[in-house]
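Below is the file work33.tsv, which contains TSV, C-alpha atoms.
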chain	number	residue	atom	x	y	z
K	1	MET	CA	-17.55	39.21	-22.18
K	2	SER	CA	-19.72	36.03	-22.11
K	3	ILE	CA	-18.83	35.26	-25.75
K	4	LEU	CA	-15.09	35.70	-24.99
K	5	PHE	CA	-15.39	33.37	-22.01
K	6	CYS	CA	-17.15	30.81	-24.18
K	7	VAL	CA	-14.40	31.09	-26.80
K	8	LEU	CA	-11.66	30.48	-24.22
K	9	ALA	CA	-13.51	27.61	-22.56
K	10	ARG	CA	-14.17	25.84	-25.83
K	11	THR	CA	-10.65	26.50	-27.09
K	12	TYR	CA	-8.84	25.01	-24.10
K	13	GLY	CA	-11.36	22.24	-23.52
K	14	HIS	CA	-10.94	20.55	-26.91
K	15	PRO	CA	-8.12	18.76	-28.73
K	16	LEU	CA	-6.02	20.62	-31.28
K	17	ALA	CA	-8.12	19.46	-34.21
K	18	ASP	CA	-11.30	20.82	-32.61
K	19	ARG	CA	-9.55	24.14	-31.86
K	20	GLU	CA	-8.65	24.54	-35.52
K	21	ARG	CA	-12.20	23.73	-36.57
K	22	TYR	CA	-13.50	26.11	-33.97
K	23	PHE	CA	-11.40	29.03	-35.16
K	24	GLN	CA	-12.33	28.23	-38.77
K	25	ASN	CA	-16.00	28.49	-37.80
K	26	ALA	CA	-15.67	31.28	-35.21
K	27	PRO	CA	-18.12	34.15	-35.77
K	28	PRO	CA	-16.73	37.37	-37.28
K	29	GLN	CA	-17.04	40.61	-35.34
K	30	GLY	CA	-20.56	42.02	-35.28
K	31	LEU	CA	-22.27	38.71	-36.14
K	32	GLU	CA	-25.47	38.10	-34.21
K	33	THR	CA	-25.41	35.55	-31.44
K	34	CYS	CA	-28.28	33.53	-32.87
K	35	SER	CA	-26.54	32.99	-36.21
K	36	TYR	CA	-23.36	32.01	-34.38
K	37	LEU	CA	-25.25	29.41	-32.32
K	38	GLN	CA	-26.86	28.09	-35.46
K	39	ARG	CA	-23.46	27.60	-37.08
K	40	ARG	CA	-22.17	25.83	-33.95
K	41	LYS	CA	-25.19	23.54	-34.01
K	42	THR	CA	-24.55	22.72	-37.66
K	43	LEU	CA	-20.89	22.00	-36.91
K	44	ALA	CA	-21.83	19.73	-33.99
K	45	LYS	CA	-24.22	17.82	-36.23
K	46	SER	CA	-21.57	17.32	-38.92
K	47	GLN	CA	-19.09	16.12	-36.27
K	48	MET	CA	-21.65	13.63	-34.99
K	49	GLU	CA	-22.28	12.32	-38.50
K	50	GLU	CA	-18.54	11.98	-39.05
K	51	ALA	CA	-18.18	10.07	-35.77
K	52	ILE	CA	-20.96	7.69	-36.80
K	53	GLU	CA	-19.27	7.02	-40.14
K	54	ASN	CA	-15.86	6.37	-38.54
K	55	GLY	CA	-17.16	4.56	-35.44
K	56	ASN	CA	-19.62	1.77	-34.85
K	57	GLY	CA	-22.57	3.60	-36.43
K	58	THR	CA	-24.38	4.57	-33.22
K	59	THR	CA	-24.66	7.78	-31.27
K	60	PRO	CA	-24.45	7.96	-27.47
K	61	GLU	CA	-28.26	8.37	-27.36
K	62	ASP	CA	-28.72	5.27	-29.52
K	63	GLN	CA	-26.41	3.27	-27.22
K	64	ILE	CA	-28.48	4.27	-24.18
K	65	ASN	CA	-31.83	3.44	-25.82
K	66	ASP	CA	-30.57	0.31	-27.59
K	67	PRO	CA	-32.09	-2.78	-25.86
K	68	ASN	CA	-29.17	-4.92	-27.13
K	69	PRO	CA	-26.01	-2.85	-26.61
K	70	ASN	CA	-22.76	-3.97	-28.16
K	71	PRO	CA	-21.05	-6.24	-25.59
K	72	ASN	CA	-17.62	-5.37	-27.05
K	73	PRO	CA	-17.55	-1.59	-27.44
K	74	THR	CA	-14.59	0.09	-29.11
K	75	PRO	CA	-11.94	0.77	-26.42
K	76	PRO	CA	-11.16	4.44	-25.73
K	77	THR	CA	-8.14	5.95	-27.43
K	78	LEU	CA	-5.08	6.11	-25.17
K	79	SER	CA	-3.52	9.46	-24.36
K	80	LYS	CA	0.00	10.30	-25.52
K	81	ASN	CA	1.52	9.60	-22.08
K	82	ALA	CA	-0.35	6.31	-21.79
K	83	ARG	CA	0.91	5.22	-25.21
K	84	LYS	CA	4.47	6.08	-24.14
K	85	LYS	CA	4.10	3.98	-20.97
K	86	VAL	CA	2.71	1.03	-22.91
K	87	LEU	CA	5.53	1.28	-25.46
K	88	LYS	CA	8.13	1.51	-22.68
K	89	LEU	CA	6.68	-1.58	-20.96
K	90	GLN	CA	6.66	-3.51	-24.24
K	91	LYS	CA	10.31	-2.63	-24.86
K	92	TYR	CA	11.22	-3.66	-21.31
K	93	GLU	CA	9.46	-7.02	-21.66
K	94	ALA	CA	11.12	-7.62	-25.04
K	95	LYS	CA	14.59	-6.87	-23.61
K	96	LYS	CA	13.86	-9.03	-20.58
K	97	ALA	CA	12.96	-11.96	-22.84
K	98	GLU	CA	16.11	-11.37	-24.90
K	99	ARG	CA	18.32	-11.35	-21.78
K	100	LYS	CA	16.68	-14.54	-20.51
K	101	ALA	CA	17.18	-16.27	-23.86
K	102	PHE	CA	20.80	-15.08	-24.04
K	103	ALA	CA	21.55	-16.36	-20.52
K	104	LYS	CA	19.97	-19.73	-21.33
K	105	GLU	CA	21.96	-20.03	-24.55
K	106	LYS	CA	25.18	-19.07	-22.74
K	107	LYS	CA	24.59	-21.71	-20.08
K	108	GLN	CA	23.90	-24.37	-22.70
K	109	LYS	CA	27.11	-23.49	-24.54
K	110	HIS	CA	29.09	-23.69	-21.29
K	111	VAL	CA	27.64	-27.13	-20.49
K	112	GLU	CA	28.31	-28.33	-24.03
K	113	LYS	CA	31.90	-27.04	-23.85
K	114	LYS	CA	32.54	-28.87	-20.56
K	115	ARG	CA	31.03	-32.06	-21.96
K	116	GLN	CA	33.21	-31.82	-25.06
K	117	GLU	CA	36.36	-31.19	-23.00
K	118	TRP	CA	35.58	-34.22	-20.85
K	119	ALA	CA	35.03	-36.42	-23.92
K	120	GLU	CA	38.34	-35.25	-25.45
K	121	LYS	CA	40.13	-35.91	-22.17
K	122	LEU	CA	38.79	-39.47	-22.02
K	123	ALA	CA	39.67	-40.07	-25.67
K	124	SER	CA	43.29	-39.06	-25.13
K	125	VAL	CA	44.07	-41.60	-22.37
K	126	SER	CA	44.23	-45.37	-22.09
K	127	GLU	CA	41.33	-47.53	-20.93
K	128	GLU	CA	42.85	-48.01	-17.48
K	129	GLU	CA	43.33	-44.26	-16.93
K	130	LYS	CA	39.86	-43.61	-18.36
K	131	SER	CA	38.24	-45.87	-15.74
K	132	LYS	CA	40.23	-44.13	-12.98
K	133	LEU	CA	39.09	-40.70	-14.18
K	134	ILE	CA	35.46	-41.80	-14.29
K	135	GLU	CA	35.68	-43.32	-10.81
K	136	SER	CA	37.36	-40.20	-9.46
K	137	ARG	CA	34.64	-38.01	-10.92
K	138	LYS	CA	31.95	-40.18	-9.32
K	139	GLU	CA	33.67	-39.87	-5.94
K	140	LEU	CA	33.86	-36.07	-6.24
K	141	ARG	CA	30.18	-35.87	-7.13
K	142	LYS	CA	29.26	-38.13	-4.23
K	143	GLU	CA	31.34	-36.03	-1.84
K	144	ARG	CA	29.75	-32.82	-3.12
K	145	MET	CA	26.23	-34.23	-2.71
K	146	GLY	CA	27.15	-35.37	0.82
K	147	LYS	CA	28.26	-31.85	1.77
K	148	ARG	CA	25.05	-30.36	0.39
K	149	SER	CA	22.98	-32.87	2.34
K	150	GLU	CA	24.92	-32.08	5.52
K	151	GLU	CA	24.50	-28.33	5.02
K	152	ARG	CA	20.79	-28.81	4.38
K	153	GLY	CA	20.47	-30.81	7.60
K	154	LYS	CA	22.25	-28.11	9.62
K	155	LYS	CA	20.06	-25.45	8.05
K	156	MET	CA	16.86	-27.31	8.98
K	157	GLU	CA	18.14	-27.78	12.52
K	158	ARG	CA	18.77	-24.03	12.87
K	159	LEU	CA	15.28	-23.26	11.50
K	160	ARG	CA	13.65	-25.75	13.91
K	161	LYS	CA	15.48	-24.12	16.80
K	162	ALA	CA	14.36	-20.67	15.55
K	163	ARG	CA	10.73	-21.87	15.47
K	164	GLU	CA	10.95	-22.69	19.17
K	165	MET	CA	12.94	-19.74	20.52
K	166	GLY	CA	13.95	-17.50	17.59
K	167	GLN	CA	12.91	-13.93	16.83
K	168	LYS	CA	9.48	-13.92	15.15
K	169	ILE	CA	9.23	-11.76	12.02
K	170	ILE	CA	5.96	-11.38	10.13
K	171	ILE	CA	5.58	-10.27	6.51
K	172	ASP	CA	2.11	-8.75	6.17
K	173	LEU	CA	0.63	-9.72	2.78
K	174	GLU	CA	-2.75	-7.98	3.13
K	175	PHE	CA	-1.87	-5.24	0.62
K	176	SER	CA	-2.05	-7.37	-2.53
K	177	ASP	CA	-5.22	-5.60	-3.71
K	178	LEU	CA	-3.24	-2.31	-3.82
K	179	MET	CA	-0.55	-3.67	-6.16
K	180	ASN	CA	-0.46	-4.41	-9.87
K	181	PRO	CA	0.76	-7.80	-11.19
K	182	ASN	CA	4.36	-6.58	-11.67
K	183	GLU	CA	4.52	-5.29	-8.09
K	184	ILE	CA	3.11	-8.56	-6.73
K	185	SER	CA	5.73	-10.45	-8.74
K	186	SER	CA	8.44	-8.18	-7.28
K	187	LEU	CA	7.16	-8.83	-3.74
K	188	VAL	CA	7.22	-12.60	-4.32
K	189	GLN	CA	10.87	-12.36	-5.38
K	190	GLN	CA	11.65	-10.36	-2.22
K	191	ILE	CA	9.94	-12.99	-0.04
K	192	MET	CA	11.98	-15.71	-1.74
K	193	TYR	CA	15.17	-13.73	-1.00
K	194	CYS	CA	14.09	-13.29	2.66
K	195	TYR	CA	13.70	-17.04	3.08
K	196	ALA	CA	17.07	-17.76	1.43
K	197	VAL	CA	18.92	-15.21	3.61
K	198	ASN	CA	17.25	-16.50	6.77
K	199	GLY	CA	18.31	-20.05	5.95
K	200	ARG	CA	21.96	-18.99	5.61
K	201	CYS	CA	22.04	-17.09	8.92
K	202	THR	CA	23.81	-18.60	11.91
K	203	SER	CA	21.06	-17.16	14.14
K	204	PRO	CA	17.94	-17.20	11.92
K	205	GLY	CA	14.55	-15.79	12.84
K	206	HIS	CA	11.21	-17.53	12.49
K	207	LEU	CA	9.38	-16.08	9.48
K	208	TRP	CA	5.62	-15.79	9.12
K	209	LEU	CA	3.55	-14.99	6.04
K	210	THR	CA	0.12	-13.69	7.08
K	211	GLY	CA	-2.75	-12.73	4.79
K	212	CYS	CA	-1.34	-15.24	2.29
K	213	ARG	CA	-4.24	-15.67	-0.10
K	214	GLY	CA	-5.49	-14.71	-3.54
K	215	GLU	CA	-3.10	-13.67	-6.29
K	216	ILE	CA	0.00	-13.46	-4.10
K	217	GLU	CA	-0.57	-17.00	-2.80
K	218	ALA	CA	-0.96	-18.23	-6.38
K	219	GLN	CA	2.35	-16.57	-7.30
K	220	LEU	CA	4.12	-18.04	-4.26
K	221	GLN	CA	2.85	-21.53	-5.09
K	222	LYS	CA	4.67	-21.28	-8.41
K	223	LEU	CA	8.03	-21.05	-6.61
K	224	PRO	CA	9.90	-24.39	-6.66
K	225	GLY	CA	9.70	-26.11	-3.27
K	226	PHE	CA	7.47	-23.46	-1.65
K	227	ASP	CA	5.31	-26.13	0.03
K	228	LYS	CA	8.45	-27.44	1.79
K	229	TRP	CA	9.56	-24.06	3.14
K	230	PHE	CA	10.19	-24.07	6.90
K	231	ILE	CA	7.98	-21.04	7.45
K	232	GLU	CA	4.55	-20.25	8.90
K	233	LYS	CA	1.89	-19.57	6.25
K	234	GLU	CA	-1.42	-18.07	7.35
K	235	SER	CA	-4.36	-17.04	5.19
K	236	GLN	CA	-5.63	-15.02	8.18
K	237	SER	CA	-4.29	-11.64	9.17
K	238	TYR	CA	-1.67	-11.48	11.94
K	239	ILE	CA	-4.29	-9.90	14.25
K	240	GLU	CA	-6.51	-12.97	13.89
K	241	ALA	CA	-3.70	-15.56	13.88
K	242	LEU	CA	-1.95	-14.04	16.94
K	243	GLN	CA	-4.85	-12.42	18.78
K	244	ASP	CA	-3.59	-13.75	22.12
K	245	GLN	CA	-0.26	-11.94	21.56
K	246	LYS	CA	-1.56	-8.61	20.30
K	247	GLU	CA	0.35	-6.68	22.99
K	248	ASN	CA	3.63	-8.07	21.59
K	249	LEU	CA	3.02	-7.02	17.97
K	250	VAL	CA	5.23	-4.17	16.70
K	251	TYR	CA	4.67	-2.82	13.18
K	252	LEU	CA	7.91	-1.56	11.61
K	253	THR	CA	7.21	1.57	9.60
K	254	ALA	CA	9.31	4.58	8.59
K	255	ASP	CA	6.46	6.90	9.73
K	256	ALA	CA	6.62	5.78	13.39
K	257	GLU	CA	7.90	8.10	16.12
K	258	THR	CA	9.42	5.37	18.29
K	259	VAL	CA	12.96	4.35	17.31
K	260	LEU	CA	13.88	0.68	17.59
K	261	ASP	CA	17.07	0.48	19.70
K	262	GLU	CA	17.03	-3.25	20.48
K	263	LEU	CA	15.21	-6.39	19.32
K	264	ASP	CA	13.11	-7.89	22.09
K	265	PRO	CA	12.79	-11.69	21.71
K	266	LYS	CA	9.29	-11.51	23.22
K	267	LYS	CA	8.11	-9.05	20.56
K	268	ILE	CA	6.80	-10.02	17.14
K	269	TYR	CA	7.93	-7.57	14.45
K	270	VAL	CA	5.67	-6.96	11.45
K	271	VAL	CA	7.02	-5.84	8.07
K	272	GLY	CA	4.55	-4.46	5.53
K	273	GLY	CA	4.55	-6.55	2.35
K	274	LEU	CA	3.94	-3.69	-0.03
K	275	VAL	CA	5.64	-2.69	-3.27
K	276	ASP	CA	3.93	0.56	-4.24
K	277	ARG	CA	6.60	2.99	-5.58
K	278	ASN	CA	5.57	5.44	-2.79
K	279	ARG	CA	1.92	5.63	-3.90
K	280	TRP	CA	0.50	4.65	-0.48
K	281	LYS	CA	2.49	6.80	1.92
K	282	GLY	CA	1.68	6.29	5.61
K	283	ILE	CA	-0.61	3.31	5.03
K	284	THR	CA	1.29	0.93	7.35
K	285	MET	CA	1.37	3.50	10.16
K	286	LYS	CA	-2.36	4.10	9.80
K	287	LYS	CA	-3.01	0.35	9.88
K	288	ALA	CA	-1.03	-0.03	13.12
K	289	GLN	CA	-2.93	2.88	14.71
K	290	ASP	CA	-6.32	1.54	13.62
K	291	GLN	CA	-5.49	-1.90	15.04
K	292	GLY	CA	-4.14	-0.46	18.28
K	293	ILE	CA	-0.73	-2.12	18.09
K	294	GLN	CA	2.74	-0.71	18.69
K	295	SER	CA	4.84	0.79	15.91
K	296	ALA	CA	8.54	1.55	15.58
K	297	LYS	CA	11.14	2.47	12.96
K	298	LEU	CA	14.68	1.30	12.38
K	299	PRO	CA	17.38	3.70	13.69
K	300	ILE	CA	18.63	4.48	10.18
K	301	ALA	CA	19.10	8.22	10.76
K	302	SER	CA	21.41	7.57	13.71
K	303	TYR	CA	23.96	5.67	11.63
K	304	LEU	CA	23.75	6.77	8.00
K	305	LYS	CA	22.20	9.40	5.80
K	306	MET	CA	19.98	8.15	3.02
K	307	SER	CA	20.32	9.74	-0.39
K	308	SER	CA	16.54	9.56	-0.84
K	309	SER	CA	13.64	8.18	1.21
K	310	GLN	CA	14.26	6.00	4.29
K	311	VAL	CA	11.75	3.46	2.94
K	312	LEU	CA	13.47	0.13	2.25
K	313	THR	CA	12.32	-2.98	0.42
K	314	VAL	CA	10.84	-5.92	2.34
K	315	ASN	CA	13.92	-8.10	1.92
K	316	GLN	CA	16.24	-5.26	3.03
K	317	VAL	CA	14.28	-4.72	6.26
K	318	VAL	CA	14.19	-8.45	7.04
K	319	GLU	CA	17.90	-8.85	6.25
K	320	ILE	CA	18.80	-5.89	8.49
K	321	LEU	CA	16.90	-7.52	11.37
K	322	LEU	CA	18.67	-10.84	10.74
K	323	LYS	CA	22.09	-9.18	10.56
K	324	PHE	CA	21.41	-7.43	13.86
K	325	LEU	CA	20.47	-10.76	15.46
K	326	GLU	CA	23.92	-12.01	14.48
K	327	THR	CA	26.05	-8.93	15.18
K	328	ARG	CA	24.02	-6.85	17.67
K	329	ASN	CA	25.38	-3.85	15.76
K	330	TRP	CA	22.97	-1.58	13.87
K	331	LYS	CA	25.67	0.30	11.97
K	332	SER	CA	27.26	-2.87	10.66
K	333	SER	CA	23.84	-4.26	9.74
K	334	PHE	CA	22.87	-1.14	7.79
K	335	PHE	CA	26.14	-0.89	5.89
K	336	GLN	CA	26.06	-4.57	4.95
K	337	VAL	CA	22.50	-4.42	3.61
K	338	VAL	CA	21.62	-0.90	2.39
K	339	PRO	CA	22.96	-0.45	-1.18
K	340	GLN	CA	25.63	2.16	-1.84
K	341	ARG	CA	23.34	4.05	-4.22
K	342	LYS	CA	20.80	4.60	-1.41
K	343	ARG	CA	23.14	6.06	1.18
K	344	CYS	CA	25.41	9.07	1.56
K	345	ASP	CA	28.44	7.88	3.52
K	346	ALA	CA	29.81	10.27	6.16
K	347	GLU	CA	33.30	10.03	4.71
K	348	GLU	CA	32.04	11.03	1.27
K	349	GLN	CA	30.19	13.99	2.80
K	350	GLU	CA	33.31	15.10	4.69
K	351	ASP	CA	35.43	14.78	1.52
K	352	GLY	CA	32.86	16.78	-0.41
K	353	GLU	CA	32.82	19.54	2.23
K	354	ARG	CA	36.62	19.54	2.34
K	355	LYS	CA	36.85	19.86	-1.44
K	356	LYS	CA	34.28	22.63	-1.43
K	357	LYS	CA	36.22	24.48	1.27
K	358	CYS	CA	39.47	24.14	-0.71
K	359	ILE	CA	37.79	25.52	-3.82
K	360	GLU	CA	36.41	28.48	-1.87
K	361	GLU	CA	39.81	29.26	-0.29
K	362	GLU	CA	41.81	28.81	-3.49
K	363	PRO	CA	42.99	32.28	-4.70
K	364	SER	CA	41.96	33.27	-8.19
K	365	ASN	CA	44.57	33.86	-10.90
K	366	GLY	CA	42.76	36.83	-12.30
Could the structure of this file be written out as structure tokens, please?
Amino acid sequence: MSILFCVLARTYGHPLADRERYFQNAPPQGLETCSYLQRRKTLAKSQMEEAIENGNGTTPEDQINDPNPNPNPTPPTLSKNARKKVLKLQKYEAKKAERKAFAKEKKQKHVEKKRQEWAEKLASVSEEEKSKLIESRKELRKERMGKRSEERGKKMERLRKAREMGQKIIIDLEFSDLMNPNEISSLVQQIMYCYAVNGRCTSPGHLWLTGCRGEIEAQLQKLPGFDKWFIEKESQSYIEALQDQKENLVYLTADAETVLDELDPKKIYVVGGLVDRNRWKGITMKKAQDQGIQSAKLPIASYLKMSSSQVLTVNQVVEILLKFLETRNWKSSFFQVVPQRKRCDAEEQEDGERKKKCIEEEPSNG
């Protein structure tokens, strides 16, 4: 029985090549245990010698006793699944670079085409008409720049007003150590979208970035014009930066029991800045409980049925809050922000049930 157990353990504990070697060297029936162990010892020795010849020439014992170990050891061989993931990521990056290059080339061709059309238009008219066209184009450009400047001024005025009396919304950036570089990059893009949407709102909120340090701060600094953003940037956590307003902090998390029915202008709503592909479930709720602050969740279930999890991206949560500040209507806010692929509309459900009922009631022809 002990020999059979040893056979099974060694068989399923080794790669396929070792299994084949094992069965080639397995003891025949009736062979004494001592001779079998001797053969296993000989096989182990030959495997070690083969590893030394194919590797760096040292055994594990030599590496331990070596006073000058190799500072650049041979990296471990990746598993099959790991190799697939690496290959998939390489293909994705290659396609991403191709798409970026294609878009750049397309834009250059468009600009060149417009420039050529303008040159042909000027060449086909007299000098007097040419000067009129050039002057008209300058006036249009000046008018366009004036409108942009006016819109920018109105936007800054709305943001200044929001700083004084607007709804405060915090994006908590203290989870950067739990994310890989791609996830941090994704979060930075979401923050950029949050700022852009807030600037376009007629009733914007006042955005805060807390815990803004380390890698995520370095990534944000790469964004054009980030230093000029009309936004609060804190390297401290929100607990430290707003310790005198702790009773007004409300962490928005899908795991909370309290449902958010209305936005209180005195409250400060915290959105977890985490892109984790559902690896860290419940972490924001636990953080709120440990810090002794309030928690709440958006009333998603009351207005629509999600096709999957009720967890939304950072920019979706912030945009829903901003839409509600404008409309004071949760349903409208959800349907304007939550993508179609993430929700199951009530009408679609009713149509599906109606179709199913018709199929069930339809008499068979058999």
If I put a ball of radius 12 Å at (17.8, -8.8, 2.7) in the file's coordinates, which residues poke into it when counting only C-alpha atoms, written as a PyMOL selection string? chain K and resi 189-201+312-324+333-339
One decimal, in Å: what's the spacing between atom CA of K:Ser302 and atom CA of K:Met285? 20.8 Å
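Proximity ranking of K:Leu223, K:Ala254, K:Leu260, K:Leu298 relative to K:Gly282 places K:Ala254 first, based on only C-alpha atoms.
Atom to atom, atom CA of K:Ile300 and atom CA of K:Glu183 stand 25.1 Å apart.
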Dig up all the protein and nucleic acid residues within 6 Å of (6.5, -10.6, 2.1) in the file frame, using all atoms listed in the file, and format them as a PDB file with C-alpha atoms, keeping the file's coordinate frame.
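Written out: selection.pdb:
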ATOM      1  CA  ILE K 171       5.580 -10.270   6.510  1.00  0.00           C
ATOM      2  CA  LEU K 173       0.630  -9.720   2.780  1.00  0.00           C
ATOM      3  CA  ILE K 191       9.940 -12.990  -0.040  1.00  0.00           C
ATOM      4  CA  GLY K 273       4.550  -6.550   2.350  1.00  0.00           C
TER       5      GLY K 273
END
Any idea what the distance is between atom CA of K:Val275 and atom CA of K:Ile184? 7.3 Å
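Proximity to K:Val270 was assessed for K:Asp172, K:Glu232, K:Glu117, K:Glu157 counting only C-alpha atoms; the smallest distance is recorded for K:Asp172.
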Counting all atoms listed in the file, the residue of K:Lys222, K:Lys142, K:Lys287, K:Lys267 that sits nearest K:Thr253: K:Lys287
Quick one: axis-aligned box around all listed atoms of stretch 285-295 of chain K, 5 Å on every side, centre and edge lengths in Å to one decimal, written as lines of an AutoDock Vina configuration file.
center_x = -0.7
center_y = 1.0
center_z = 14.2
size_x = 21.2
size_y = 16.2
size_z = 18.9
Find the spatial neighbours of K:Ser295, counting all atoms listed in the file, within a cut-off of 12 Å - ignore same-chain residues fewer than 5 positions away - and output them as a PDB file with C-alpha atoms, in the coordinates of the input.
ATOM      1  CA  GLU K 247       0.350  -6.680  22.990  1.00  0.00           C
ATOM      2  CA  ASN K 248       3.630  -8.070  21.590  1.00  0.00           C
ATOM      3  CA  LEU K 249       3.020  -7.020  17.970  1.00  0.00           C
ATOM      4  CA  VAL K 250       5.230  -4.170  16.700  1.00  0.00           C
ATOM      5  CA  TYR K 251       4.670  -2.820  13.180  1.00  0.00           C
ATOM      6  CA  LEU K 252       7.910  -1.560  11.610  1.00  0.00           C
ATOM      7  CA  THR K 253       7.210   1.570   9.600  1.00  0.00           C
ATOM      8  CA  ALA K 254       9.310   4.580   8.590  1.00  0.00           C
ATOM      9  CA  ASP K 255       6.460   6.900   9.730  1.00  0.00           C
ATOM     10  CA  ALA K 256       6.620   5.780  13.390  1.00  0.00           C
ATOM     11  CA  GLU K 257       7.900   8.100  16.120  1.00  0.00           C
ATOM     12  CA  THR K 258       9.420   5.370  18.290  1.00  0.00           C
ATOM     13  CA  VAL K 259      12.960   4.350  17.310  1.00  0.00           C
ATOM     14  CA  LEU K 260      13.880   0.680  17.590  1.00  0.00           C
ATOM     15  CA  LYS K 267       8.110  -9.050  20.560  1.00  0.00           C
ATOM     16  CA  ILE K 268       6.800 -10.020  17.140  1.00  0.00           C
ATOM     17  CA  TYR K 269       7.930  -7.570  14.450  1.00  0.00           C
ATOM     18  CA  VAL K 270       5.670  -6.960  11.450  1.00  0.00           C
ATOM     19  CA  VAL K 271       7.020  -5.840   8.070  1.00  0.00           C
ATOM     20  CA  GLY K 272       4.550  -4.460   5.530  1.00  0.00           C
ATOM     21  CA  THR K 284       1.290   0.930   7.350  1.00  0.00           C
ATOM     22  CA  MET K 285       1.370   3.500  10.160  1.00  0.00           C
ATOM     23  CA  LYS K 286      -2.360   4.100   9.800  1.00  0.00           C
ATOM     24  CA  LYS K 287      -3.010   0.350   9.880  1.00  0.00           C
ATOM     25  CA  ALA K 288      -1.030  -0.030  13.120  1.00  0.00           C
ATOM     26  CA  GLN K 289      -2.930   2.880  14.710  1.00  0.00           C
ATOM     27  CA  ASP K 290      -6.320   1.540  13.620  1.00  0.00           C
TER      28      ASP K 290
END
